[in-house]
Amino acid sequence: MRIYSILCFLFLSFASKAQAPKSTQSSASSKPKLVVGIVVDQMRWDYINHFKPYFTSQQGFLRFVNEGASCNNNLIPYVPTVTACGHTAVYTGSTPALHGITGNQWYDNYKQKTVYCVEDPNVVSVGVEGSPAGKMSPVNVWTTTIGDEIKLANNFKSKVFGISIKDRGAIIPAGHSADGAFWYDSKSGNFISSTYYGKNLPKWVSEFNGQHRVDSLYAKGWNLSLVKTVYEANCDGDMNAYEATPLGAEQKGFPYTLSQFIGKDYGKIASTPYGNNLVAEMAEKALVSEQLGQDDITDLLAISFSSPDYIGHSFGPNSWETLDGYIKLDAVIAQLFASLDKQVGKNNYTVFLTADHAVANIPDFAKKHKIPGGLISESSLKKELGNLLIQKGMSDKLIGAINEYNIHFNHPLMDSLDVDQDDLFEIVRNYIEQKPGILQVIESREAAEAPLPAQLRERIVNGYNPQRSGDLFIVTKSGYMDGYPTGTNHGVFYNYDAHIPLLWYGNGIKKGQVNSINYMTDIAPTVSTLLGIQMPSGSIGKPILEVLK
Ligand SMILES: [Zn+2]
């Protein structure tokens, strides 16, 4: 049996080598040598149509649109629509109910403390000694990822890397069995990692850090790519009281000088388009140094562009900064395509581009145009509910936490004070439901019975996890968010947060437009089908057959 297997293997490997000679001109029927996953943090689907006339390259976003496939109605099938959950859903094809990532952070009902999505006390930083910034790994993710399945399919011969400004944007997409994940340390201005992946940074990462690109990017400043009239015609005013000022309150719109941050404030680059340049340059360095896509064993490179999220939170979707950020990101993506063509060869790789979530309008911008919207504050709500419970002769400590619209009660305290659960729920529900901006408060475990349209209550069920979700779930009205007086946020099931782009290009991809409804959880099973490998363990999606040849 064993000899037979070995013979089979030898024959098959000889046959496959004979069919697919190692060259950049392989036949279209062979599998991609490299899959590149791109997540654009906070990208709304409608940006592609809005910004299309202003993209300076036909080879960035438009290469996907014109030569690849675009799924125009791709939705997020769970709440909360935030970064950690989004990256996990893309790469696991699953939802918080199964993969366990219920937020960027969550209140753990058993440990009774807040947990950050990628925190791991059992590892230490690599590339920056003693910093908590590297005590991170994917151990909190409970299901497998695309990268894990690619590796399982070939006895772990594939190479899998994740790169992002945000730790969670690099770590989660790279998966459990990754060769490396690298994220940006805002203190040192370097890309770092953790001992989960190895004792030292690879030489090419140290070399990249040695250039300290952040300083030379700061020196350039942030200037508009196109003439002012383009921004005036397509955006809200350049400076508004409802925009935040992440680059300093003294800077009143364009152009932004950044040279004042050289040598000291390395976190600021995240709120400029240059954060994308840093990530793309790291990705290109990985491509060359790790020889990704150079043989017939499929590799995975997971790239997440975080800067659009930082820019979007501060300035909103209708700002000059967002439009200019996407014009510049388009050029970065065109450059990335050029590197892939050169390094891996056209037809030898497949790329998908999506987002982890989208974003709402800034509430005061919405109000200015008579569109519904406003703020609610989870921290004030927690205080108000605490006072209310004291008035009722109970304890304010009964509210353990309010996070991502989840209210967690302190169950041990409820037991010791002999508080009736139904009474407590009733008091809290009645108080919150009379506030403006609230649609209803539902009991999380009973979400399947909630009086909401079926596809929306299903998103609450998909997001519910007994260990990491609350007892009650607050459903806001459209346009309302937990946030600050300036800037905007995301996290709910309305279309402005849940409708994201999904673009495909390359080996195995059929050119075209798909207008039927798809879900973010369909991405992983589509990649699995393309590669002929198992779907990630918790995947609930279906392959999008319209995009596959
Ligand atoms: Zn965000």
# chains A, B, ... in the order shown; residues from 1 in each chain; ligands from 1
>>> residues_around(residues="range 355-361 of chain A", least_positions_apart="4", cutoff="8 Å", atoms="only C-alpha atoms", output="number ranges by chain")
A: 39-45, 76, 81-87, 90, 312, 316-318, 365-366, 479, 488-491, 496-502
>>> closest_atom_pairs(of="range 32-139 of chain A", to="range 214-238 of chain A", cutoff="12 Å", atoms="only C-alpha atoms", output="Markdown table")
| residue | atom | partner | partner_atom | distance |
| --- | --- | --- | --- | --- |
| A:Tyr47 | CA | A:Asn234 | CA | 11.7 |
| A:His50 | CA | A:Asn234 | CA | 8.6 |
| A:Phe51 | CA | A:Asn234 | CA | 9.0 |
| A:Lys52 | CA | A:Asn234 | CA | 11.9 |
| A:Pro53 | CA | A:Val230 | CA | 10.1 |
| A:Tyr54 | CA | A:Val230 | CA | 8.2 |
| A:Phe55 | CA | A:Leu226 | CA | 9.8 |
| A:Thr56 | CA | A:Ser225 | CA | 9.0 |
>>> residues_around(residues="Gly512 in chain A", least_positions_apart="4", cutoff="7 Å", atoms="only C-alpha atoms", output="ChimeraX atom specification")
/A:68-70
>>> residues_around(residues="range 242-245 of chain A", least_positions_apart="5", cutoff="10 Å", atoms="only C-alpha atoms", output="list in words")
Glu250, Gln251, Lys252, Gly253, Ser271, Ile311, Gly312, His313, Ser314, Phe315, Gly316, Ser319, Ile362, Pro363, Asp364, Phe365, Tyr484, Pro485, Thr486, Gly487 and Thr488 of chain A
>>> atom_distance(atom1="CA of Asn462 in chain A", atom2="CA of Gly100 in chain A")
10.6 Å
>>> closest_residue(among="A:Asp108, A:Ser478, A:Ala524, A:Asn387", to="Pro173 in chain A", atoms="only C-alpha atoms")
A:Ala524
>>> residues_around(residues="Asn140 in chain A", least_positions_apart="6", cutoff="8 Å", atoms="only C-alpha atoms", output="PyMOL selection string")
chain A and resi 100-101+117-119
>>> closest_residue(among="A:Tyr349, A:Tyr310, A:Tyr107, A:Trp504", to="ligand 1", atoms="only C-alpha atoms and all ligand atoms")
A:Tyr310
>>> closest_residue(among="A:Thr145, A:Asn209, A:Gln291, A:Ser307", to="ligand 1", atoms="only C-alpha atoms and all ligand atoms")
A:Ser307
>>> residues_around(residues="Ser158 in chain A", least_positions_apart="5", cutoff="6 Å", atoms="only C-alpha atoms", output="list in words")
Lys151, Ile297, Thr298 and Asp299 of chain A
>>> residues_around(residues="range 177-186 of chain A", least_positions_apart="5", cutoff="8 Å", atoms="only C-alpha atoms", output="count of residues only")
23
>>> closest_residue(among="A:Ser416, A:Ser306, A:Asn72, A:Asn465", to="ligand 1", atoms="only C-alpha atoms and all ligand atoms")
A:Ser306
>>> atom_distance(atom1="CA of Ile544 in chain A", atom2="CA of Gln294 in chain A")
27.3 Å
>>> closest_residue(among="A:Asn104, A:Asn347, A:Asn410, A:Asn49", to="ligand 1", atoms="only C-alpha atoms and all ligand atoms")
A:Asn104
>>> select_by_dssp(residues="range 59-287 of chain A", states="strand (DSSP E or B)", output="PDB file with N, CA and C atoms, in the first residue's frame")
ATOM      1  N   ALA A  69     -13.909  40.147 -12.118  1.00  0.00           N
ATOM      2  CA  ALA A  69     -15.328  40.033 -11.763  1.00  0.00           C
ATOM      3  C   ALA A  69     -15.629  40.939 -10.578  1.00  0.00           C
ATOM      4  N   SER A  70     -16.833  41.508 -10.601  1.00  0.00           N
ATOM      5  CA  SER A  70     -17.257  42.369  -9.505  1.00  0.00           C
ATOM      6  C   SER A  70     -18.589  41.871  -8.958  1.00  0.00           C
ATOM      7  N   CYS A  71     -18.614  41.530  -7.676  1.00  0.00           N
ATOM      8  CA  CYS A  71     -19.870  41.140  -7.017  1.00  0.00           C
ATOM      9  C   CYS A  71     -20.441  42.413  -6.390  1.00  0.00           C
ATOM     10  N   ASN A  72     -21.491  42.918  -6.993  1.00  0.00           N
ATOM     11  CA  ASN A  72     -21.957  44.271  -6.659  1.00  0.00           C
ATOM     12  C   ASN A  72     -22.884  44.332  -5.452  1.00  0.00           C
ATOM     13  N   ASN A  73     -23.360  43.181  -5.009  1.00  0.00           N
ATOM     14  CA  ASN A  73     -24.257  43.185  -3.855  1.00  0.00           C
ATOM     15  C   ASN A  73     -23.789  42.170  -2.821  1.00  0.00           C
ATOM     16  N   ASN A  74     -22.610  42.444  -2.302  1.00  0.00           N
ATOM     17  CA  ASN A  74     -21.987  41.562  -1.329  1.00  0.00           C
ATOM     18  C   ASN A  74     -22.215  42.136   0.077  1.00  0.00           C
ATOM     19  N   LEU A  75     -22.852  41.356   0.944  1.00  0.00           N
ATOM     20  CA  LEU A  75     -23.283  41.861   2.251  1.00  0.00           C
ATOM     21  C   LEU A  75     -22.629  41.086   3.395  1.00  0.00           C
ATOM     22  N   GLN A 105     -12.768  43.780  20.553  1.00  0.00           N
ATOM     23  CA  GLN A 105     -12.587  43.230  21.890  1.00  0.00           C
ATOM     24  C   GLN A 105     -13.966  42.828  22.388  1.00  0.00           C
ATOM     25  N   TRP A 106     -14.010  41.991  23.378  1.00  0.00           N
ATOM     26  CA  TRP A 106     -15.294  41.572  23.929  1.00  0.00           C
ATOM     27  C   TRP A 106     -15.157  41.384  25.426  1.00  0.00           C
ATOM     28  N   TYR A 107     -16.298  41.321  26.085  1.00  0.00           N
ATOM     29  CA  TYR A 107     -16.329  41.019  27.510  1.00  0.00           C
ATOM     30  C   TYR A 107     -16.553  39.525  27.627  1.00  0.00           C
ATOM     31  N   ASP A 108     -15.578  38.821  28.212  1.00  0.00           N
ATOM     32  CA  ASP A 108     -15.696  37.372  28.351  1.00  0.00           C
ATOM     33  C   ASP A 108     -16.562  37.073  29.569  1.00  0.00           C
ATOM     34  N   LYS A 113     -13.880  39.620  32.148  1.00  0.00           N
ATOM     35  CA  LYS A 113     -12.976  40.730  31.799  1.00  0.00           C
ATOM     36  C   LYS A 113     -12.990  40.932  30.294  1.00  0.00           C
ATOM     37  N   THR A 114     -12.519  42.121  29.888  1.00  0.00           N
ATOM     38  CA  THR A 114     -12.464  42.450  28.467  1.00  0.00           C
ATOM     39  C   THR A 114     -11.232  41.801  27.851  1.00  0.00           C
ATOM     40  N   VAL A 115     -11.429  41.187  26.693  1.00  0.00           N
ATOM     41  CA  VAL A 115     -10.348  40.486  25.985  1.00  0.00           C
ATOM     42  C   VAL A 115     -10.185  41.141  24.620  1.00  0.00           C
ATOM     43  N   TYR A 116      -8.949  41.435  24.216  1.00  0.00           N
ATOM     44  CA  TYR A 116      -8.681  41.959  22.873  1.00  0.00           C
ATOM     45  C   TYR A 116      -8.596  40.775  21.901  1.00  0.00           C
ATOM     46  N   GLU A 119      -5.106  39.186  21.465  1.00  0.00           N
ATOM     47  CA  GLU A 119      -4.169  39.134  22.597  1.00  0.00           C
ATOM     48  C   GLU A 119      -3.824  37.680  22.924  1.00  0.00           C
ATOM     49  N   SER A 125       6.735  39.841  22.098  1.00  0.00           N
ATOM     50  CA  SER A 125       6.999  40.625  20.885  1.00  0.00           C
ATOM     51  C   SER A 125       8.288  40.193  20.217  1.00  0.00           C
ATOM     52  N   VAL A 126       8.292  40.278  18.905  1.00  0.00           N
ATOM     53  CA  VAL A 126       9.503  40.052  18.113  1.00  0.00           C
ATOM     54  C   VAL A 126       9.718  41.296  17.257  1.00  0.00           C
ATOM     55  N   MET A 136       0.673  38.996  20.675  1.00  0.00           N
ATOM     56  CA  MET A 136      -0.513  38.769  19.847  1.00  0.00           C
ATOM     57  C   MET A 136      -0.386  37.472  19.048  1.00  0.00           C
ATOM     58  N   VAL A 160       2.398  31.069   3.759  1.00  0.00           N
ATOM     59  CA  VAL A 160       1.265  31.949   4.056  1.00  0.00           C
ATOM     60  C   VAL A 160       1.733  33.109   4.937  1.00  0.00           C
ATOM     61  N   PHE A 161       1.481  34.332   4.460  1.00  0.00           N
ATOM     62  CA  PHE A 161       1.885  35.531   5.203  1.00  0.00           C
ATOM     63  C   PHE A 161       0.739  36.538   5.285  1.00  0.00           C
ATOM     64  N   GLY A 162       0.726  37.293   6.388  1.00  0.00           N
ATOM     65  CA  GLY A 162      -0.245  38.378   6.553  1.00  0.00           C
ATOM     66  C   GLY A 162       0.490  39.672   6.888  1.00  0.00           C
ATOM     67  N   ILE A 163       0.056  40.780   6.266  1.00  0.00           N
ATOM     68  CA  ILE A 163       0.711  42.085   6.477  1.00  0.00           C
ATOM     69  C   ILE A 163      -0.350  43.170   6.610  1.00  0.00           C
ATOM     70  N   SER A 164      -0.209  44.005   7.632  1.00  0.00           N
ATOM     71  CA  SER A 164      -1.166  45.101   7.832  1.00  0.00           C
ATOM     72  C   SER A 164      -0.572  46.121   8.800  1.00  0.00           C
ATOM     73  N   GLY A 180       4.131  33.653   8.794  1.00  0.00           N
ATOM     74  CA  GLY A 180       4.455  34.935   9.407  1.00  0.00           C
ATOM     75  C   GLY A 180       3.305  35.914   9.298  1.00  0.00           C
ATOM     76  N   ALA A 181       3.204  36.791  10.285  1.00  0.00           N
ATOM     77  CA  ALA A 181       2.271  37.918  10.223  1.00  0.00           C
ATOM     78  C   ALA A 181       3.041  39.108  10.771  1.00  0.00           C
ATOM     79  N   PHE A 182       2.936  40.243  10.073  1.00  0.00           N
ATOM     80  CA  PHE A 182       3.701  41.437  10.441  1.00  0.00           C
ATOM     81  C   PHE A 182       2.774  42.626  10.499  1.00  0.00           C
ATOM     82  N   TRP A 183       2.859  43.367  11.582  1.00  0.00           N
ATOM     83  CA  TRP A 183       2.016  44.548  11.765  1.00  0.00           C
ATOM     84  C   TRP A 183       2.883  45.696  12.236  1.00  0.00           C
ATOM     85  N   TYR A 184       2.293  46.898  12.190  1.00  0.00           N
ATOM     86  CA  TYR A 184       3.058  48.127  12.378  1.00  0.00           C
ATOM     87  C   TYR A 184       3.038  48.533  13.844  1.00  0.00           C
ATOM     88  N   ASP A 185       4.213  48.837  14.359  1.00  0.00           N
ATOM     89  CA  ASP A 185       4.331  49.289  15.747  1.00  0.00           C
ATOM     90  C   ASP A 185       4.437  50.815  15.741  1.00  0.00           C
ATOM     91  N   ASN A 190       8.248  50.534  13.093  1.00  0.00           N
ATOM     92  CA  ASN A 190       8.720  49.307  12.436  1.00  0.00           C
ATOM     93  C   ASN A 190       7.600  48.275  12.350  1.00  0.00           C
ATOM     94  N   PHE A 191       7.759  47.317  11.432  1.00  0.00           N
ATOM     95  CA  PHE A 191       6.865  46.167  11.406  1.00  0.00           C
ATOM     96  C   PHE A 191       7.394  45.138  12.407  1.00  0.00           C
ATOM     97  N   ILE A 192       6.492  44.603  13.203  1.00  0.00           N
ATOM     98  CA  ILE A 192       6.882  43.658  14.248  1.00  0.00           C
ATOM     99  C   ILE A 192       6.060  42.373  14.122  1.00  0.00           C
ATOM    100  N   SER A 193       6.355  41.413  15.000  1.00  0.00           N
ATOM    101  CA  SER A 193       5.631  40.147  14.988  1.00  0.00           C
ATOM    102  C   SER A 193       5.647  39.586  16.414  1.00  0.00           C
ATOM    103  N   SER A 194       5.337  38.289  16.547  1.00  0.00           N
ATOM    104  CA  SER A 194       5.372  37.689  17.885  1.00  0.00           C
ATOM    105  C   SER A 194       6.040  36.326  17.828  1.00  0.00           C
ATOM    106  N   TRP A 222       1.063  65.528   2.807  1.00  0.00           N
ATOM    107  CA  TRP A 222      -0.120  64.979   2.117  1.00  0.00           C
ATOM    108  C   TRP A 222      -0.730  66.081   1.275  1.00  0.00           C
ATOM    109  N   TYR A 256      -1.660  68.985   4.003  1.00  0.00           N
ATOM    110  CA  TYR A 256      -1.210  68.641   5.364  1.00  0.00           C
ATOM    111  C   TYR A 256       0.310  68.502   5.373  1.00  0.00           C
TER     112      TYR A 256
END
>>> select_by_dssp(residues="range 447-527 of chain A", states="helix (DSSP H, G or I)", output="count of residues only")
25
>>> closest_residue(among="A:Asp396, A:Glu446, A:Asp296, A:Asp330", to="Phe64 in chain A", atoms="only C-alpha atoms")
A:Asp330
>>> decode(residues="range 91-222 of chain A", atoms="C-alpha atoms", output="PDB file, in the first residue's frame")
ATOM      1  CA  TYR A  91     -10.779  34.159   5.791  1.00  0.00           C
ATOM      2  CA  THR A  92     -12.918  31.598   7.678  1.00  0.00           C
ATOM      3  CA  GLY A  93     -16.167  31.927   5.712  1.00  0.00           C
ATOM      4  CA  SER A  94     -17.787  31.883   9.122  1.00  0.00           C
ATOM      5  CA  THR A  95     -19.465  34.168  11.650  1.00  0.00           C
ATOM      6  CA  PRO A  96     -18.846  35.082  15.321  1.00  0.00           C
ATOM      7  CA  ALA A  97     -21.263  32.318  16.435  1.00  0.00           C
ATOM      8  CA  LEU A  98     -18.689  29.762  15.267  1.00  0.00           C
ATOM      9  CA  HIS A  99     -15.312  31.489  14.840  1.00  0.00           C
ATOM     10  CA  GLY A 100     -15.603  33.234  18.214  1.00  0.00           C
ATOM     11  CA  ILE A 101     -14.377  36.711  17.211  1.00  0.00           C
ATOM     12  CA  THR A 102     -17.360  38.724  18.435  1.00  0.00           C
ATOM     13  CA  GLY A 103     -15.683  42.137  18.274  1.00  0.00           C
ATOM     14  CA  ASN A 104     -12.351  43.926  18.191  1.00  0.00           C
ATOM     15  CA  GLN A 105     -12.587  43.230  21.890  1.00  0.00           C
ATOM     16  CA  TRP A 106     -15.294  41.572  23.929  1.00  0.00           C
ATOM     17  CA  TYR A 107     -16.329  41.019  27.510  1.00  0.00           C
ATOM     18  CA  ASP A 108     -15.696  37.372  28.351  1.00  0.00           C
ATOM     19  CA  ASN A 109     -18.651  36.171  30.409  1.00  0.00           C
ATOM     20  CA  TYR A 110     -16.677  33.422  32.162  1.00  0.00           C
ATOM     21  CA  LYS A 111     -13.427  35.309  32.793  1.00  0.00           C
ATOM     22  CA  GLN A 112     -15.447  38.485  33.552  1.00  0.00           C
ATOM     23  CA  LYS A 113     -12.976  40.730  31.799  1.00  0.00           C
ATOM     24  CA  THR A 114     -12.464  42.450  28.467  1.00  0.00           C
ATOM     25  CA  VAL A 115     -10.348  40.486  25.985  1.00  0.00           C
ATOM     26  CA  TYR A 116      -8.681  41.959  22.873  1.00  0.00           C
ATOM     27  CA  CYS A 117      -9.306  39.853  19.761  1.00  0.00           C
ATOM     28  CA  VAL A 118      -5.672  38.850  19.100  1.00  0.00           C
ATOM     29  CA  GLU A 119      -4.169  39.134  22.597  1.00  0.00           C
ATOM     30  CA  ASP A 120      -2.118  36.144  23.697  1.00  0.00           C
ATOM     31  CA  PRO A 121      -0.372  36.172  27.088  1.00  0.00           C
ATOM     32  CA  ASN A 122       1.723  33.157  26.093  1.00  0.00           C
ATOM     33  CA  VAL A 123       3.807  34.885  23.403  1.00  0.00           C
ATOM     34  CA  VAL A 124       6.139  37.904  23.387  1.00  0.00           C
ATOM     35  CA  SER A 125       6.999  40.625  20.885  1.00  0.00           C
ATOM     36  CA  VAL A 126       9.503  40.052  18.113  1.00  0.00           C
ATOM     37  CA  GLY A 127      11.200  43.083  16.571  1.00  0.00           C
ATOM     38  CA  VAL A 128      10.519  45.372  19.527  1.00  0.00           C
ATOM     39  CA  GLU A 129      11.681  44.074  22.856  1.00  0.00           C
ATOM     40  CA  GLY A 130       9.409  44.063  25.889  1.00  0.00           C
ATOM     41  CA  SER A 131       6.530  45.851  24.143  1.00  0.00           C
ATOM     42  CA  PRO A 132       2.966  44.637  24.689  1.00  0.00           C
ATOM     43  CA  ALA A 133       2.339  45.429  20.977  1.00  0.00           C
ATOM     44  CA  GLY A 134       3.639  42.020  19.968  1.00  0.00           C
ATOM     45  CA  LYS A 135       1.884  39.846  22.565  1.00  0.00           C
ATOM     46  CA  MET A 136      -0.513  38.769  19.847  1.00  0.00           C
ATOM     47  CA  SER A 137      -1.561  35.626  17.951  1.00  0.00           C
ATOM     48  CA  PRO A 138      -4.648  34.047  16.342  1.00  0.00           C
ATOM     49  CA  VAL A 139      -5.408  31.725  19.302  1.00  0.00           C
ATOM     50  CA  ASN A 140      -8.798  33.348  19.954  1.00  0.00           C
ATOM     51  CA  VAL A 141     -10.064  32.295  16.503  1.00  0.00           C
ATOM     52  CA  TRP A 142     -11.872  28.966  16.866  1.00  0.00           C
ATOM     53  CA  THR A 143     -12.183  27.770  13.245  1.00  0.00           C
ATOM     54  CA  THR A 144      -9.720  27.255  10.395  1.00  0.00           C
ATOM     55  CA  THR A 145      -8.863  29.852   7.746  1.00  0.00           C
ATOM     56  CA  ILE A 146      -8.205  29.692   3.994  1.00  0.00           C
ATOM     57  CA  GLY A 147      -4.474  29.743   4.752  1.00  0.00           C
ATOM     58  CA  ASP A 148      -4.838  26.796   7.141  1.00  0.00           C
ATOM     59  CA  GLU A 149      -6.757  24.788   4.532  1.00  0.00           C
ATOM     60  CA  ILE A 150      -4.262  25.624   1.755  1.00  0.00           C
ATOM     61  CA  LYS A 151      -1.530  24.280   4.026  1.00  0.00           C
ATOM     62  CA  LEU A 152      -3.532  21.222   5.151  1.00  0.00           C
ATOM     63  CA  ALA A 153      -4.063  20.334   1.482  1.00  0.00           C
ATOM     64  CA  ASN A 154      -0.332  19.963   0.772  1.00  0.00           C
ATOM     65  CA  ASN A 155       1.275  18.880   4.021  1.00  0.00           C
ATOM     66  CA  PHE A 156       2.073  22.485   4.982  1.00  0.00           C
ATOM     67  CA  LYS A 157       4.313  23.135   1.994  1.00  0.00           C
ATOM     68  CA  SER A 158       2.507  26.389   1.065  1.00  0.00           C
ATOM     69  CA  LYS A 159       3.793  29.670   2.359  1.00  0.00           C
ATOM     70  CA  VAL A 160       1.265  31.949   4.056  1.00  0.00           C
ATOM     71  CA  PHE A 161       1.885  35.531   5.203  1.00  0.00           C
ATOM     72  CA  GLY A 162      -0.245  38.378   6.553  1.00  0.00           C
ATOM     73  CA  ILE A 163       0.711  42.085   6.477  1.00  0.00           C
ATOM     74  CA  SER A 164      -1.166  45.101   7.832  1.00  0.00           C
ATOM     75  CA  ILE A 165      -0.826  48.269   9.878  1.00  0.00           C
ATOM     76  CA  LYS A 166      -3.270  46.743  12.410  1.00  0.00           C
ATOM     77  CA  ASP A 167      -2.196  43.628  14.308  1.00  0.00           C
ATOM     78  CA  ARG A 168      -5.604  42.002  13.856  1.00  0.00           C
ATOM     79  CA  GLY A 169      -5.539  42.831  10.114  1.00  0.00           C
ATOM     80  CA  ALA A 170      -2.356  40.780   9.684  1.00  0.00           C
ATOM     81  CA  ILE A 171      -2.766  38.001  12.260  1.00  0.00           C
ATOM     82  CA  ILE A 172      -6.320  36.805  11.641  1.00  0.00           C
ATOM     83  CA  PRO A 173      -6.110  36.582   7.801  1.00  0.00           C
ATOM     84  CA  ALA A 174      -2.771  34.729   7.996  1.00  0.00           C
ATOM     85  CA  GLY A 175      -4.454  32.045  10.120  1.00  0.00           C
ATOM     86  CA  HIS A 176      -3.258  29.539  12.701  1.00  0.00           C
ATOM     87  CA  SER A 177      -0.566  27.791  10.686  1.00  0.00           C
ATOM     88  CA  ALA A 178       0.893  30.916   9.038  1.00  0.00           C
ATOM     89  CA  ASP A 179       4.595  31.341   8.309  1.00  0.00           C
ATOM     90  CA  GLY A 180       4.455  34.935   9.407  1.00  0.00           C
ATOM     91  CA  ALA A 181       2.271  37.918  10.223  1.00  0.00           C
ATOM     92  CA  PHE A 182       3.701  41.437  10.441  1.00  0.00           C
ATOM     93  CA  TRP A 183       2.016  44.548  11.765  1.00  0.00           C
ATOM     94  CA  TYR A 184       3.058  48.127  12.378  1.00  0.00           C
ATOM     95  CA  ASP A 185       4.331  49.289  15.747  1.00  0.00           C
ATOM     96  CA  SER A 186       3.376  52.956  16.177  1.00  0.00           C
ATOM     97  CA  LYS A 187       6.073  53.521  18.829  1.00  0.00           C
ATOM     98  CA  SER A 188       9.071  52.419  16.754  1.00  0.00           C
ATOM     99  CA  GLY A 189       7.704  52.910  13.232  1.00  0.00           C
ATOM    100  CA  ASN A 190       8.720  49.307  12.436  1.00  0.00           C
ATOM    101  CA  PHE A 191       6.865  46.167  11.406  1.00  0.00           C
ATOM    102  CA  ILE A 192       6.882  43.658  14.248  1.00  0.00           C
ATOM    103  CA  SER A 193       5.631  40.147  14.988  1.00  0.00           C
ATOM    104  CA  SER A 194       5.372  37.689  17.885  1.00  0.00           C
ATOM    105  CA  THR A 195       7.075  34.499  19.058  1.00  0.00           C
ATOM    106  CA  TYR A 196       3.946  32.653  17.872  1.00  0.00           C
ATOM    107  CA  TYR A 197       5.608  32.728  14.419  1.00  0.00           C
ATOM    108  CA  GLY A 198       9.289  32.476  15.331  1.00  0.00           C
ATOM    109  CA  LYS A 199      12.056  33.842  17.531  1.00  0.00           C
ATOM    110  CA  ASN A 200      13.346  36.515  15.130  1.00  0.00           C
ATOM    111  CA  LEU A 201      12.053  38.708  12.338  1.00  0.00           C
ATOM    112  CA  PRO A 202      12.988  37.382   8.895  1.00  0.00           C
ATOM    113  CA  LYS A 203      16.015  39.194   7.455  1.00  0.00           C
ATOM    114  CA  TRP A 204      13.900  40.953   4.802  1.00  0.00           C
ATOM    115  CA  VAL A 205      11.604  42.456   7.474  1.00  0.00           C
ATOM    116  CA  SER A 206      14.616  43.780   9.412  1.00  0.00           C
ATOM    117  CA  GLU A 207      16.000  45.191   6.157  1.00  0.00           C
ATOM    118  CA  PHE A 208      12.695  46.890   5.416  1.00  0.00           C
ATOM    119  CA  ASN A 209      12.592  48.323   8.945  1.00  0.00           C
ATOM    120  CA  GLY A 210      16.183  49.494   8.494  1.00  0.00           C
ATOM    121  CA  GLN A 211      15.084  51.911   5.732  1.00  0.00           C
ATOM    122  CA  HIS A 212      12.597  53.510   8.159  1.00  0.00           C
ATOM    123  CA  ARG A 213      10.330  54.449   5.233  1.00  0.00           C
ATOM    124  CA  VAL A 214       7.910  56.267   7.524  1.00  0.00           C
ATOM    125  CA  ASP A 215      10.331  59.220   7.822  1.00  0.00           C
ATOM    126  CA  SER A 216      10.765  59.673   4.070  1.00  0.00           C
ATOM    127  CA  LEU A 217       6.988  59.380   3.570  1.00  0.00           C
ATOM    128  CA  TYR A 218       6.360  62.008   6.279  1.00  0.00           C
ATOM    129  CA  ALA A 219       8.789  64.330   4.481  1.00  0.00           C
ATOM    130  CA  LYS A 220       6.515  64.386   1.415  1.00  0.00           C
ATOM    131  CA  GLY A 221       3.453  65.783   3.198  1.00  0.00           C
ATOM    132  CA  TRP A 222      -0.120  64.979   2.117  1.00  0.00           C
TER     133      TRP A 222
END
